[in-house]
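> So that you have it, the file is final.txt, and it contains compact mmCIF, C-alpha atoms:
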```
# COMPACT_ATOMS: atom_id res chain seq x y z
CA MET A 463 0.00 0.00 0.00
CA ARG A 464 1.22 3.42 -0.90
CA VAL A 465 -1.46 5.83 0.30
CA ALA A 466 -4.24 5.81 2.91
CA VAL A 467 -7.45 7.62 2.04
CA PHE A 468 -10.23 8.43 4.46
CA ASP A 469 -13.83 9.37 3.81
CA ALA A 470 -14.91 12.36 5.93
CA TYR A 471 -18.59 12.30 6.92
CA GLY A 472 -19.46 9.41 9.19
CA THR A 473 -15.89 8.08 9.01
CA LEU A 474 -13.71 10.82 10.54
CA PHE A 475 -16.51 13.22 11.56
CA ASP A 476 -19.73 12.41 13.39
CA VAL A 477 -22.64 13.47 11.16
CA GLY A 478 -24.99 13.30 14.14
CA GLY A 479 -22.94 15.94 15.93
CA ALA A 480 -24.86 18.97 14.68
CA LEU A 481 -28.24 17.89 15.99
CA ARG A 482 -26.73 16.49 19.19
CA ALA A 483 -25.05 19.82 19.94
CA ALA A 484 -28.19 21.78 19.08
CA ALA A 485 -30.28 19.57 21.36
CA GLU A 486 -27.77 19.89 24.20
CA ALA A 487 -27.86 23.68 23.84
CA GLU A 488 -31.65 23.76 23.82
CA PRO A 489 -32.87 20.70 25.74
CA GLU A 490 -36.39 22.11 26.18
CA ALA A 491 -36.98 22.49 22.43
CA PRO A 492 -39.87 20.31 21.25
CA TRP A 493 -37.61 18.48 18.79
CA ALA A 494 -34.72 17.96 21.23
CA THR A 495 -35.76 14.45 22.32
CA ASP A 496 -36.01 13.46 18.65
CA TRP A 497 -32.62 14.83 17.65
CA ALA A 498 -31.21 11.45 16.65
CA ALA A 499 -34.12 10.70 14.29
CA LEU A 500 -33.84 14.16 12.75
CA ALA A 501 -30.10 13.64 12.26
CA ARG A 502 -30.72 10.25 10.59
CA ASN A 503 -33.39 11.69 8.30
CA TRP A 504 -31.22 14.66 7.33
CA ARG A 505 -28.29 12.38 6.53
CA GLN A 506 -30.47 9.95 4.60
CA LYS A 507 -32.02 12.70 2.51
CA GLN A 508 -28.63 14.31 1.92
CA LEU A 509 -27.22 11.05 0.56
CA GLU A 510 -30.34 10.42 -1.53
CA ILE A 511 -29.94 13.80 -3.18
CA THR A 512 -26.27 13.15 -3.97
CA TRP A 513 -27.12 9.80 -5.57
CA LEU A 514 -30.09 11.15 -7.52
CA ARG A 515 -28.12 14.14 -8.82
CA ALA A 516 -25.31 11.81 -9.85
CA VAL A 517 -27.71 9.47 -11.70
CA ALA A 518 -29.49 12.26 -13.50
CA GLY A 519 -26.37 14.29 -14.30
CA HIS A 520 -27.53 17.37 -12.37
CA HIS A 521 -24.66 18.12 -10.03
CA ALA A 522 -24.89 20.72 -7.28
CA ASP A 523 -22.27 21.09 -4.60
CA PHE A 524 -22.51 19.43 -1.18
CA ALA A 525 -23.21 22.70 0.63
CA GLN A 526 -26.33 23.14 -1.50
CA VAL A 527 -27.34 19.50 -1.11
CA THR A 528 -26.85 19.62 2.66
CA ALA A 529 -29.04 22.72 2.98
CA ASP A 530 -31.68 21.27 0.65
CA ALA A 531 -31.77 18.05 2.65
CA LEU A 532 -32.10 19.99 5.89
CA ASP A 533 -34.95 22.09 4.46
CA TRP A 534 -36.79 18.93 3.44
CA THR A 535 -36.18 17.26 6.78
CA LEU A 536 -37.34 20.26 8.80
CA ALA A 537 -40.42 20.70 6.57
CA ARG A 538 -41.29 17.03 6.99
CA ALA A 539 -41.05 17.39 10.76
CA GLY A 540 -43.07 20.63 10.80
CA LEU A 541 -40.00 22.51 12.04
CA SER A 542 -39.31 25.00 9.26
CA ASP A 543 -37.58 27.70 11.30
CA PRO A 544 -34.86 29.93 9.79
CA ASP A 545 -32.98 30.23 13.11
CA LEU A 546 -32.86 26.48 13.69
CA ARG A 547 -31.84 25.95 10.07
CA ALA A 548 -28.99 28.45 10.36
CA ARG A 549 -27.83 26.99 13.67
CA LEU A 550 -27.74 23.45 12.32
CA LEU A 551 -25.89 24.40 9.16
CA ASP A 552 -23.35 26.28 11.24
CA LEU A 553 -22.88 23.25 13.52
CA TYR A 554 -22.61 21.00 10.47
CA GLY A 555 -19.63 23.07 9.42
CA ARG A 556 -17.75 22.09 12.58
CA LEU A 557 -18.82 18.51 13.20
CA PRO A 558 -16.83 16.74 15.91
CA PRO A 559 -14.35 14.04 14.88
CA TYR A 560 -14.87 10.57 16.28
CA PRO A 561 -12.85 10.10 19.48
CA GLU A 562 -10.46 7.57 17.91
CA ALA A 563 -9.95 9.44 14.63
CA ARG A 564 -6.78 11.37 15.47
CA ALA A 565 -4.86 8.47 16.95
CA ALA A 566 -5.96 6.14 14.14
CA VAL A 567 -4.74 8.45 11.39
CA GLU A 568 -1.51 9.15 13.30
CA ALA A 569 -0.89 5.41 13.54
CA VAL A 570 -1.33 5.05 9.78
CA ALA A 571 1.04 7.96 9.15
CA ALA A 572 3.56 6.36 11.53
CA ARG A 573 3.57 3.35 9.20
CA GLY A 574 4.90 5.67 6.51
CA LEU A 575 1.78 6.11 4.41
CA PRO A 576 0.72 9.53 3.19
CA CYS A 577 -2.85 10.21 4.38
CA ALA A 578 -5.56 11.94 2.37
CA ILE A 579 -9.27 12.70 2.54
CA LEU A 580 -11.66 11.88 -0.32
CA THR A 581 -15.05 13.43 0.28
CA ASN A 582 -18.35 14.55 -1.20
CA ALA A 583 -17.83 17.91 0.51
CA THR A 584 -16.76 21.18 -1.03
CA PRO A 585 -13.18 22.26 -0.35
CA ALA A 586 -14.54 25.03 1.92
CA MET A 587 -16.56 22.55 3.96
CA VAL A 588 -13.53 20.30 4.51
CA THR A 589 -11.35 23.23 5.45
CA GLY A 590 -13.94 24.22 8.03
CA LEU A 591 -14.04 20.72 9.53
CA LEU A 592 -10.26 20.43 9.64
CA ASP A 593 -9.80 23.88 11.14
CA ALA A 594 -12.45 23.31 13.82
CA SER A 595 -11.12 19.87 14.77
CA GLY A 596 -7.42 20.58 14.45
CA LEU A 597 -7.02 17.45 12.30
CA GLY A 598 -5.74 19.36 9.27
CA PRO A 599 -2.03 18.67 9.77
CA LEU A 600 -2.68 14.90 9.60
CA PHE A 601 -3.64 15.00 5.94
CA GLY A 602 -1.27 15.76 3.10
CA GLU A 603 -4.08 16.08 0.60
CA VAL A 604 -7.81 16.73 0.44
CA LEU A 605 -9.53 15.50 -2.69
CA THR A 606 -13.16 16.46 -3.19
CA VAL A 607 -15.84 15.42 -5.67
CA GLU A 608 -15.85 18.99 -6.96
CA GLU A 609 -12.80 18.01 -9.03
CA ALA A 610 -14.91 15.27 -10.67
CA GLY A 611 -18.21 17.16 -10.86
CA VAL A 612 -20.17 14.16 -9.65
CA PHE A 613 -20.77 12.51 -6.27
CA LYS A 614 -19.62 9.17 -4.91
CA PRO A 615 -19.84 6.32 -5.79
CA HIS A 616 -19.14 7.43 -9.37
CA PRO A 617 -15.84 5.79 -10.37
CA SER A 618 -14.38 9.11 -11.51
CA VAL A 619 -14.34 10.19 -7.86
CA TYR A 620 -12.16 7.25 -6.80
CA ALA A 621 -9.99 7.86 -9.87
CA LEU A 622 -9.00 11.23 -8.37
CA VAL A 623 -6.83 9.29 -5.92
CA THR A 624 -5.03 7.10 -8.44
CA ALA A 625 -4.48 10.07 -10.76
CA HIS A 626 -3.21 12.35 -8.00
CA TYR A 627 -0.80 9.85 -6.46
CA GLY A 628 0.10 7.95 -9.62
CA VAL A 629 -0.74 4.64 -7.97
CA ALA A 630 -2.73 1.56 -8.94
CA PRO A 631 -6.14 1.12 -7.25
CA ASP A 632 -4.91 -1.83 -5.19
CA GLU A 633 -2.14 0.32 -3.72
CA VAL A 634 -4.76 2.44 -1.96
CA LEU A 635 -6.01 1.71 1.56
CA PHE A 636 -9.44 3.32 1.77
CA ALA A 637 -11.52 3.70 4.93
CA SER A 638 -15.21 4.55 4.93
CA ALA A 639 -18.02 4.06 7.41
CA ASN A 640 -20.51 4.28 4.56
CA GLY A 641 -21.16 0.78 3.25
CA TRP A 642 -22.13 2.06 -0.20
CA ASP A 643 -18.89 4.10 -0.38
CA ALA A 644 -16.91 1.05 0.67
CA ALA A 645 -18.61 -0.92 -2.12
CA GLY A 646 -17.88 1.81 -4.65
CA ALA A 647 -14.23 1.96 -3.60
CA SER A 648 -13.88 -1.83 -3.58
CA GLY A 649 -15.44 -2.05 -7.02
CA PHE A 650 -12.88 0.49 -8.20
CA GLY A 651 -10.13 -1.74 -6.85
CA PHE A 652 -9.13 -0.07 -3.57
CA GLN A 653 -8.25 -2.17 -0.52
CA THR A 654 -11.24 -1.02 1.45
CA ALA A 655 -11.93 -1.09 5.16
CA TRP A 656 -15.59 -0.66 5.99
CA ILE A 657 -15.90 1.05 9.38
CA ASN A 658 -19.16 -0.58 10.42
CA ARG A 659 -19.93 1.58 13.45
CA GLU A 660 -23.53 0.41 13.75
CA GLY A 661 -23.09 -3.31 13.26
CA ALA A 662 -25.18 -3.19 10.09
CA PRO A 663 -25.44 -6.08 7.63
CA THR A 664 -23.07 -5.81 4.66
CA ASP A 665 -24.62 -3.88 1.80
CA ARG A 666 -25.82 -6.08 -1.07
CA LEU A 667 -24.04 -4.21 -3.84
CA TRP A 668 -21.57 -5.09 -6.59
CA ALA A 669 -18.45 -5.39 -4.42
CA LYS A 670 -17.71 -6.30 -0.83
CA PRO A 671 -15.29 -4.45 1.42
CA TRP A 672 -11.88 -6.05 1.85
CA ARG A 673 -11.96 -5.73 5.65
CA GLU A 674 -14.49 -4.70 8.28
CA LEU A 675 -13.75 -2.81 11.51
CA SER A 676 -16.09 -1.46 14.17
CA SER A 677 -14.19 1.85 14.41
CA LEU A 678 -11.07 3.44 12.93
CA ARG A 679 -9.09 1.84 15.74
CA GLY A 680 -7.03 -0.92 14.17
CA ILE A 681 -6.86 0.61 10.71
CA ALA A 682 -3.04 0.84 10.86
CA GLY A 683 -2.95 -2.90 11.58
CA LEU A 684 -4.31 -3.56 8.08
CA ILE A 685 -1.16 -2.21 6.47
CA GLY A 686 0.79 -5.23 5.31
CA MET B 1144 -50.48 15.85 -24.74
CA ARG B 1145 -50.15 12.74 -26.83
CA VAL B 1146 -49.38 9.92 -24.40
CA ALA B 1147 -49.91 9.22 -20.70
CA VAL B 1148 -47.21 7.31 -18.88
CA PHE B 1149 -47.51 5.82 -15.43
CA ASP B 1150 -44.84 4.68 -13.02
CA ALA B 1151 -45.69 1.28 -11.49
CA TYR B 1152 -44.38 0.82 -7.92
CA GLY B 1153 -46.00 3.20 -5.47
CA THR B 1154 -48.02 4.84 -8.24
CA LEU B 1155 -50.27 2.09 -9.64
CA PHE B 1156 -49.28 -0.70 -7.22
CA ASP B 1157 -49.00 -0.54 -3.45
CA VAL B 1158 -45.42 -1.45 -2.50
CA GLY B 1159 -46.53 -2.02 1.09
CA GLY B 1160 -48.92 -4.74 -0.05
CA ALA B 1161 -46.52 -7.67 0.27
CA LEU B 1162 -45.75 -7.16 3.95
CA ARG B 1163 -49.34 -6.21 4.73
CA ALA B 1164 -50.61 -9.45 3.19
CA ALA B 1165 -47.93 -11.51 4.93
CA ALA B 1166 -48.80 -9.94 8.30
CA GLU B 1167 -52.52 -10.54 7.75
CA ALA B 1168 -51.83 -14.18 6.96
CA GLU B 1169 -49.62 -14.60 10.02
CA PRO B 1170 -50.78 -12.05 12.62
CA GLU B 1171 -48.99 -13.85 15.48
CA ALA B 1172 -45.57 -13.62 13.81
CA PRO B 1173 -43.15 -11.54 15.92
CA TRP B 1174 -42.62 -9.09 13.04
CA ALA B 1175 -46.31 -8.75 12.12
CA THR B 1176 -46.93 -5.61 14.19
CA ASP B 1177 -43.88 -4.00 12.54
CA TRP B 1178 -44.89 -4.86 8.99
CA ALA B 1179 -45.17 -1.24 7.88
CA ALA B 1180 -41.67 -0.36 9.08
CA LEU B 1181 -40.25 -3.45 7.39
CA ALA B 1182 -42.02 -2.51 4.17
CA ARG B 1183 -40.61 1.04 4.33
CA ASN B 1184 -37.10 -0.20 5.02
CA TRP B 1185 -37.27 -2.73 2.18
CA ARG B 1186 -38.54 -0.10 -0.24
CA GLN B 1187 -35.92 2.43 0.89
CA LYS B 1188 -33.06 -0.03 0.52
CA GLN B 1189 -34.38 -1.22 -2.85
CA LEU B 1190 -34.38 2.36 -4.17
CA GLU B 1191 -30.95 3.06 -2.70
CA ILE B 1192 -29.51 0.07 -4.51
CA THR B 1193 -31.03 1.19 -7.82
CA TRP B 1194 -29.54 4.67 -7.42
CA LEU B 1195 -26.13 3.40 -6.32
CA ARG B 1196 -25.92 0.90 -9.16
CA ALA B 1197 -26.90 3.62 -11.63
CA VAL B 1198 -24.25 6.02 -10.28
CA ALA B 1199 -21.49 3.43 -10.31
CA GLY B 1200 -22.44 1.88 -13.65
CA HIS B 1201 -23.07 -1.58 -12.17
CA HIS B 1202 -26.54 -2.47 -13.35
CA ALA B 1203 -28.43 -5.53 -12.12
CA ASP B 1204 -32.08 -6.10 -12.83
CA PHE B 1205 -34.88 -5.11 -10.46
CA ALA B 1206 -35.65 -8.69 -9.46
CA GLN B 1207 -32.09 -9.05 -8.19
CA VAL B 1208 -32.17 -5.64 -6.51
CA THR B 1209 -35.51 -6.37 -4.85
CA ALA B 1210 -34.24 -9.67 -3.43
CA ASP B 1211 -30.96 -8.08 -2.31
CA ALA B 1212 -32.84 -5.28 -0.55
CA LEU B 1213 -35.10 -7.79 1.17
CA ASP B 1214 -32.12 -9.85 2.31
CA TRP B 1215 -30.51 -6.75 3.81
CA THR B 1216 -33.75 -5.65 5.46
CA LEU B 1217 -34.46 -9.05 6.99
CA ALA B 1218 -30.84 -9.37 8.17
CA ARG B 1219 -31.02 -5.93 9.77
CA ALA B 1220 -34.20 -6.92 11.58
CA GLY B 1221 -32.77 -10.29 12.68
CA LEU B 1222 -35.37 -12.08 10.54
CA SER B 1223 -33.26 -13.96 7.99
CA ASP B 1224 -35.67 -16.81 7.23
CA PRO B 1225 -35.78 -18.48 3.80
CA ASP B 1226 -39.53 -19.19 4.06
CA LEU B 1227 -40.42 -15.60 4.93
CA ARG B 1228 -38.11 -14.34 2.18
CA ALA B 1229 -39.74 -16.60 -0.42
CA ARG B 1230 -43.25 -15.63 0.74
CA LEU B 1231 -42.52 -11.91 0.55
CA LEU B 1232 -40.92 -12.11 -2.89
CA ASP B 1233 -43.90 -14.09 -4.14
CA LEU B 1234 -46.31 -11.48 -2.73
CA TYR B 1235 -44.17 -8.71 -4.22
CA GLY B 1236 -44.83 -10.27 -7.61
CA ARG B 1237 -48.57 -9.68 -7.21
CA LEU B 1238 -48.80 -6.39 -5.37
CA PRO B 1239 -52.32 -4.96 -5.19
CA PRO B 1240 -53.13 -1.90 -7.30
CA TYR B 1241 -54.29 1.22 -5.49
CA PRO B 1242 -58.09 1.30 -5.30
CA GLU B 1243 -58.43 4.28 -7.65
CA ALA B 1244 -55.87 3.08 -10.22
CA ARG B 1245 -58.16 1.31 -12.67
CA ALA B 1246 -60.77 4.09 -12.91
CA ALA B 1247 -58.07 6.77 -13.14
CA VAL B 1248 -56.30 5.08 -16.06
CA GLU B 1249 -59.63 4.37 -17.76
CA ALA B 1250 -60.53 8.06 -17.49
CA VAL B 1251 -57.24 9.03 -19.14
CA ALA B 1252 -57.82 6.51 -21.93
CA ALA B 1253 -61.34 7.89 -22.40
CA ARG B 1254 -59.75 11.27 -23.19
CA GLY B 1255 -58.09 9.57 -26.14
CA LEU B 1256 -54.55 9.22 -24.83
CA PRO B 1257 -52.63 5.98 -25.24
CA CYS B 1258 -51.50 4.78 -21.80
CA ALA B 1259 -48.15 3.19 -21.00
CA ILE B 1260 -46.10 2.06 -18.02
CA LEU B 1261 -42.49 3.15 -17.50
CA THR B 1262 -40.88 1.20 -14.69
CA ASN B 1263 -37.68 0.06 -13.02
CA ALA B 1264 -39.09 -3.48 -13.09
CA THR B 1265 -38.12 -6.30 -15.38
CA PRO B 1266 -40.63 -7.16 -18.12
CA ALA B 1267 -41.46 -10.40 -16.26
CA MET B 1268 -42.18 -8.49 -13.03
CA VAL B 1269 -44.57 -6.12 -14.80
CA THR B 1270 -46.33 -8.95 -16.58
CA GLY B 1271 -46.84 -10.61 -13.23
CA LEU B 1272 -48.33 -7.46 -11.69
CA LEU B 1273 -50.61 -6.84 -14.66
CA ASP B 1274 -51.78 -10.45 -14.80
CA ALA B 1275 -52.51 -10.62 -11.08
CA SER B 1276 -54.36 -7.29 -11.02
CA GLY B 1277 -56.16 -7.58 -14.34
CA LEU B 1278 -54.92 -4.10 -15.30
CA GLY B 1279 -53.00 -5.32 -18.35
CA PRO B 1280 -55.60 -4.37 -20.98
CA LEU B 1281 -55.44 -0.70 -19.88
CA PHE B 1282 -51.89 -0.26 -21.15
CA GLY B 1283 -50.84 -0.30 -24.77
CA GLU B 1284 -47.17 -0.42 -23.91
CA VAL B 1285 -44.86 -1.38 -21.09
CA LEU B 1286 -41.42 0.21 -21.18
CA THR B 1287 -38.85 -0.97 -18.67
CA VAL B 1288 -35.40 0.22 -17.66
CA GLU B 1289 -34.01 -3.04 -19.00
CA GLU B 1290 -34.16 -1.42 -22.45
CA ALA B 1291 -31.87 1.34 -21.16
CA GLY B 1292 -29.65 -0.79 -18.91
CA VAL B 1293 -29.79 1.76 -16.11
CA PHE B 1294 -32.36 2.73 -13.46
CA LYS B 1295 -34.42 5.88 -13.06
CA PRO B 1296 -33.87 8.79 -12.88
CA HIS B 1297 -31.23 8.41 -15.61
CA PRO B 1298 -32.44 10.49 -18.56
CA SER B 1299 -32.03 7.58 -20.97
CA VAL B 1300 -34.94 5.88 -19.19
CA TYR B 1301 -37.33 8.78 -19.85
CA ALA B 1302 -36.01 8.93 -23.41
CA LEU B 1303 -37.48 5.45 -24.00
CA VAL B 1304 -40.91 7.13 -24.07
CA THR B 1305 -40.08 9.88 -26.55
CA ALA B 1306 -38.24 7.43 -28.79
CA HIS B 1307 -41.01 4.82 -28.71
CA TYR B 1308 -43.87 7.23 -29.40
CA GLY B 1309 -41.97 9.73 -31.52
CA VAL B 1310 -43.15 12.62 -29.33
CA ALA B 1311 -41.49 15.61 -27.71
CA PRO B 1312 -40.98 15.43 -23.92
CA ASP B 1313 -43.62 18.09 -23.28
CA GLU B 1314 -46.21 15.97 -25.09
CA VAL B 1315 -45.95 13.33 -22.36
CA LEU B 1316 -48.18 13.31 -19.28
CA PHE B 1317 -46.23 11.38 -16.64
CA ALA B 1318 -47.58 10.26 -13.28
CA SER B 1319 -45.39 9.09 -10.42
CA ALA B 1320 -45.87 8.87 -6.67
CA ASN B 1321 -42.10 8.93 -6.25
CA GLY B 1322 -40.99 12.53 -5.84
CA TRP B 1323 -37.50 11.79 -7.18
CA ASP B 1324 -39.01 10.11 -10.26
CA ALA B 1325 -41.29 13.10 -10.76
CA ALA B 1326 -38.22 15.36 -10.57
CA GLY B 1327 -36.32 13.20 -13.05
CA ALA B 1328 -39.22 13.21 -15.47
CA SER B 1329 -39.81 16.96 -15.07
CA GLY B 1330 -36.15 17.64 -15.66
CA PHE B 1331 -36.38 15.59 -18.85
CA GLY B 1332 -39.28 17.79 -19.95
CA PHE B 1333 -42.36 15.68 -19.25
CA GLN B 1334 -45.55 17.27 -17.91
CA THR B 1335 -45.34 15.54 -14.58
CA ALA B 1336 -47.98 14.88 -11.96
CA TRP B 1337 -46.54 13.97 -8.60
CA ILE B 1338 -48.96 11.67 -6.78
CA ASN B 1339 -48.10 12.78 -3.27
CA ARG B 1340 -49.94 10.06 -1.34
CA GLU B 1341 -48.22 10.82 1.97
CA GLY B 1342 -48.42 14.60 1.99
CA ALA B 1343 -44.62 14.84 1.91
CA PRO B 1344 -42.74 18.08 1.26
CA THR B 1345 -41.65 18.56 -2.33
CA ASP B 1346 -38.25 17.01 -2.99
CA ARG B 1347 -35.44 19.56 -3.21
CA LEU B 1348 -34.02 18.39 -6.52
CA TRP B 1349 -33.25 19.95 -9.89
CA ALA B 1350 -36.82 20.17 -11.18
CA LYS B 1351 -40.27 20.50 -9.65
CA PRO B 1352 -43.32 18.52 -10.70
CA TRP B 1353 -45.77 20.34 -12.95
CA ARG B 1354 -48.79 19.33 -10.85
CA GLU B 1355 -49.38 17.63 -7.52
CA LEU B 1356 -52.28 15.28 -6.69
CA SER B 1357 -52.98 13.28 -3.54
CA SER B 1358 -53.96 10.17 -5.54
CA LEU B 1359 -54.40 9.16 -9.18
CA ARG B 1360 -57.99 10.41 -8.96
CA GLY B 1361 -58.14 13.58 -11.01
CA ILE B 1362 -55.27 12.71 -13.34
CA ALA B 1363 -57.55 12.82 -16.40
CA GLY B 1364 -58.52 16.36 -15.42
CA LEU B 1365 -54.96 17.49 -16.12
CA ILE B 1366 -55.31 16.75 -19.82
CA GLY B 1367 -55.75 20.10 -21.52
```
Before anything else, please render the file you have as structure tokens.

Amino acid sequence: MRVAVFDAYGTLFDVGGALRAAAEAEPEAPWATDWAALARNWRQKQLEITWLRAVAGHHADFAQVTADALDWTLARAGLSDPDLRARLLDLYGRLPPYPEARAAVEAVAARGLPCAILTNATPAMVTGLLDASGLGPLFGEVLTVEEAGVFKPHPSVYALVTAHYGVAPDEVLFASANGWDAAGASGFGFQTAWINREGAPTDRLWAKPWRELSSLRGIAGLIG
Amino acid sequence: MRVAVFDAYGTLFDVGGALRAAAEAEPEAPWATDWAALARNWRQKQLEITWLRAVAGHHADFAQVTADALDWTLARAGLSDPDLRARLLDLYGRLPPYPEARAAVEAVAARGLPCAILTNATPAMVTGLLDASGLGPLFGEVLTVEEAGVFKPHPSVYALVTAHYGVAPDEVLFASANGWDAAGASGFGFQTAWINREGAPTDRLWAKPWRELSSLRGIAGLIG
């Protein structure tokens, strides 16, 4: 293996963090007890929109998609409120990393592999996450779908890695907590670790992940 | 308008019908009270797989996708049981039509428009639905994604209609209960009626439906 590539949302950064923080700040809000369901619905709708736009060839960037998904989710819940919307989008821009993320990436780097991020996000969104979390210095490169003009799991997104580093697909260690992203990366030829945080069944797609872990802990141990 | 085209699953046929019928036949089964949630999860996963396969360029037919989605859903619920799986797939092959479907399509035909189906299904799946429901004689044509080799909302699927009938997109009246399908069809240029059975917010995608109805009732009234 010659490079280690990490997905961002759900893998390094906790996508539930925005609603959790909003609920902690406003525990009496009528939606606060339902924050986890709202976070799941927002995430689900956000991913749906990325896939649908990729199928239909109507790309919009991830900032737009994230706001659109939030608008739909809040409307569905009867919570259309400009202040709440603005607060959640702001929190989404500084999602917390998972507790093990820093040490796991450091351990990979200590094995001599350059580390990169490959994400659906816009460059500005990634910069915001890395600045807020302090994880920026761990990554030598941030590759975003904006360079491909289409969302994951389109193969041209995974090809950004092989083109940038001049490596073969099977020289890439790729980590994603998103089963569909792991399938896309595996189908492209990456050595893929699916970070199965929720103990979900393996996705029935066109390729299986190479390895499965319950968190990023242990990722460095996969380097042969 | 020169042709009326109907989506099948969710629009003419009730995708919840398989689990509802299975629960009615076996009301003491431990999953019977949760049948609606299982049906939603199965449908959601089925659609996800279609979108992901379309994005990644790994097509498989809808029979395969439907079985894969069921396997995932049953595994997730701790219900992996070959008998239940076989029963549900059999019931899925003869989903009930919505109560208003026949009269609504007949009313469109009475306005002089040829009626067709455009569906993600395989030809064999549609034949099964039409035979079981007796709705077959209402439709002069059944167009399936198998002719395009990719799932909705890829534009080449909607183009099957314009190519087959030799019409312009805006001469097509298209009805779908799936908001994302309505967006795909609208973006292609069809006059699209979104059958919003659940009172959901409009999808935040690249195109809005032309009209919105709460069921197929009234669809003939949209013909100018």
> For chain A, which residues have at least one atom within 8 Å of chain B, if we go by only C-alpha atoms? Write them as a list in words, please.
Glu510, Ile511, Trp513, Leu514, Arg515, Ala516, Val517, Ala518, Gly519, His520, Asp530, Ala531, Trp534, Ala537, Arg538, Lys614, Pro615, His616, Pro617, Trp642, Gly646, Ala662, Pro663, Thr664, Asp665, Arg666, Leu667 and Trp668 of chain A
> Could you please determine the separation between atom CA of B:Glu1289 and atom CA of B:Pro1240 in Å, to one decimal place?
22.4 Å
> To one decimal place, how far is atom CA of B:Trp1353 from atom CA of B:Val1251 in Å?
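Between atom CA of B:Trp1353 and atom CA of B:Val1251 the gap works out to 17.3 Å.
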> Name the closest residue to B:Asp1226 among the candidates B:Pro1352, B:Gly1361, B:Gly1160, B:Ala1165; distances are taken between atoms, counting only C-alpha atoms.
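Of all the options, B:Ala1165 lies closest to B:Asp1226.
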> From (-28.5, 19.4, 22.1), in the file's coordinates, out to 12 Å: which residues are reached, counting all atoms listed in the file? Answer as a ChimeraX atom specification.
/A:478-498,500-501,546,549-550,553
> Enter the distance from atom CA of A:Thr589 to atom CA of A:Thr606, in Å, rounded to one decimal.
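According to the coordinates, atom CA of A:Thr589 and atom CA of A:Thr606 are separated by 11.1 Å.
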> Could you name the residues that touch A:Ala566 at 8 Å or less, counting all atoms listed in the file, but leaving out those on the same chain fewer than 4 positions away, as number ranges by chain?
A: 562, 570, 678-682
> Which one of B:Asp1233, B:Asp1274, B:Glu1355, B:Asp1204 sits closest to B:Arg1340 if you count only C-alpha atoms?
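Between B:Asp1233, B:Asp1274, B:Glu1355, B:Asp1204, the residue approaching B:Arg1340 most closely is B:Glu1355.
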> Name the residues within 10 Å of (-48.8, -3.1, -7.3), counting all atoms listed in the file in the file's coordinates, and put them as a list in words.
Ala1151, Tyr1152, Gly1153, Thr1154, Leu1155, Phe1156, Asp1157, Val1158, Gly1159, Gly1160, Ala1161, Leu1234, Tyr1235, Gly1236, Arg1237, Leu1238, Pro1239, Pro1240, Tyr1241, Ala1244, Val1269, Gly1271, Leu1272, Leu1273, Ala1275 and Ser1276 of chain B
> Using all atoms listed in the file for the distances, tell me which of A:Asp632, A:Arg673, A:Ala637, A:Ala565 is nearest to A:Ala578.
A:Ala637
> Could you give me, as a compact mmCIF listing (two decimals) with C-alpha atoms, in the frame of the given file, the residues within 7 Å of B:Leu1256, counting all atoms listed in the file and dropping anything in the same chain fewer than 5 positions from it?

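File produced: part27.txt:
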```txt
# COMPACT_ATOMS: atom_id res chain seq x y z
CA ARG B 1145 -50.15 12.74 -26.83
CA VAL B 1146 -49.38 9.92 -24.40
CA ALA B 1147 -49.91 9.22 -20.70
CA VAL B 1251 -57.24 9.03 -19.14
```
> Where atoms are absent from stretch 523-531 of chain A, fill them in so it carries N, CA and C atoms, then output it as a short mmCIF file (atom, residue, chain, number, x, y, z; two decimals), in the coordinates of the input.

```
data_model
loop_
_atom_site.label_atom_id
_atom_site.label_comp_id
_atom_site.auth_asym_id
_atom_site.auth_seq_id
_atom_site.Cartn_x
_atom_site.Cartn_y
_atom_site.Cartn_z
N ASP A 523 -23.30 21.44 -5.58
CA ASP A 523 -22.27 21.09 -4.60
C ASP A 523 -22.88 20.64 -3.27
N PHE A 524 -22.03 20.08 -2.40
CA PHE A 524 -22.51 19.43 -1.18
C PHE A 524 -23.07 20.44 -0.17
N ALA A 525 -22.64 21.68 -0.25
CA ALA A 525 -23.21 22.70 0.63
C ALA A 525 -24.69 22.91 0.27
N GLN A 526 -24.96 23.00 -1.02
CA GLN A 526 -26.33 23.14 -1.50
C GLN A 526 -27.16 21.91 -1.13
N VAL A 527 -26.62 20.76 -1.39
CA VAL A 527 -27.34 19.50 -1.11
C VAL A 527 -27.64 19.38 0.39
N THR A 528 -26.67 19.73 1.21
CA THR A 528 -26.85 19.62 2.66
C THR A 528 -27.95 20.55 3.15
N ALA A 529 -27.99 21.77 2.61
CA ALA A 529 -29.04 22.72 2.98
C ALA A 529 -30.39 22.26 2.45
N ASP A 530 -30.42 21.77 1.22
CA ASP A 530 -31.68 21.27 0.65
C ASP A 530 -32.23 20.10 1.47
N ALA A 531 -31.34 19.20 1.86
CA ALA A 531 -31.77 18.05 2.65
C ALA A 531 -32.29 18.49 4.02
#
```
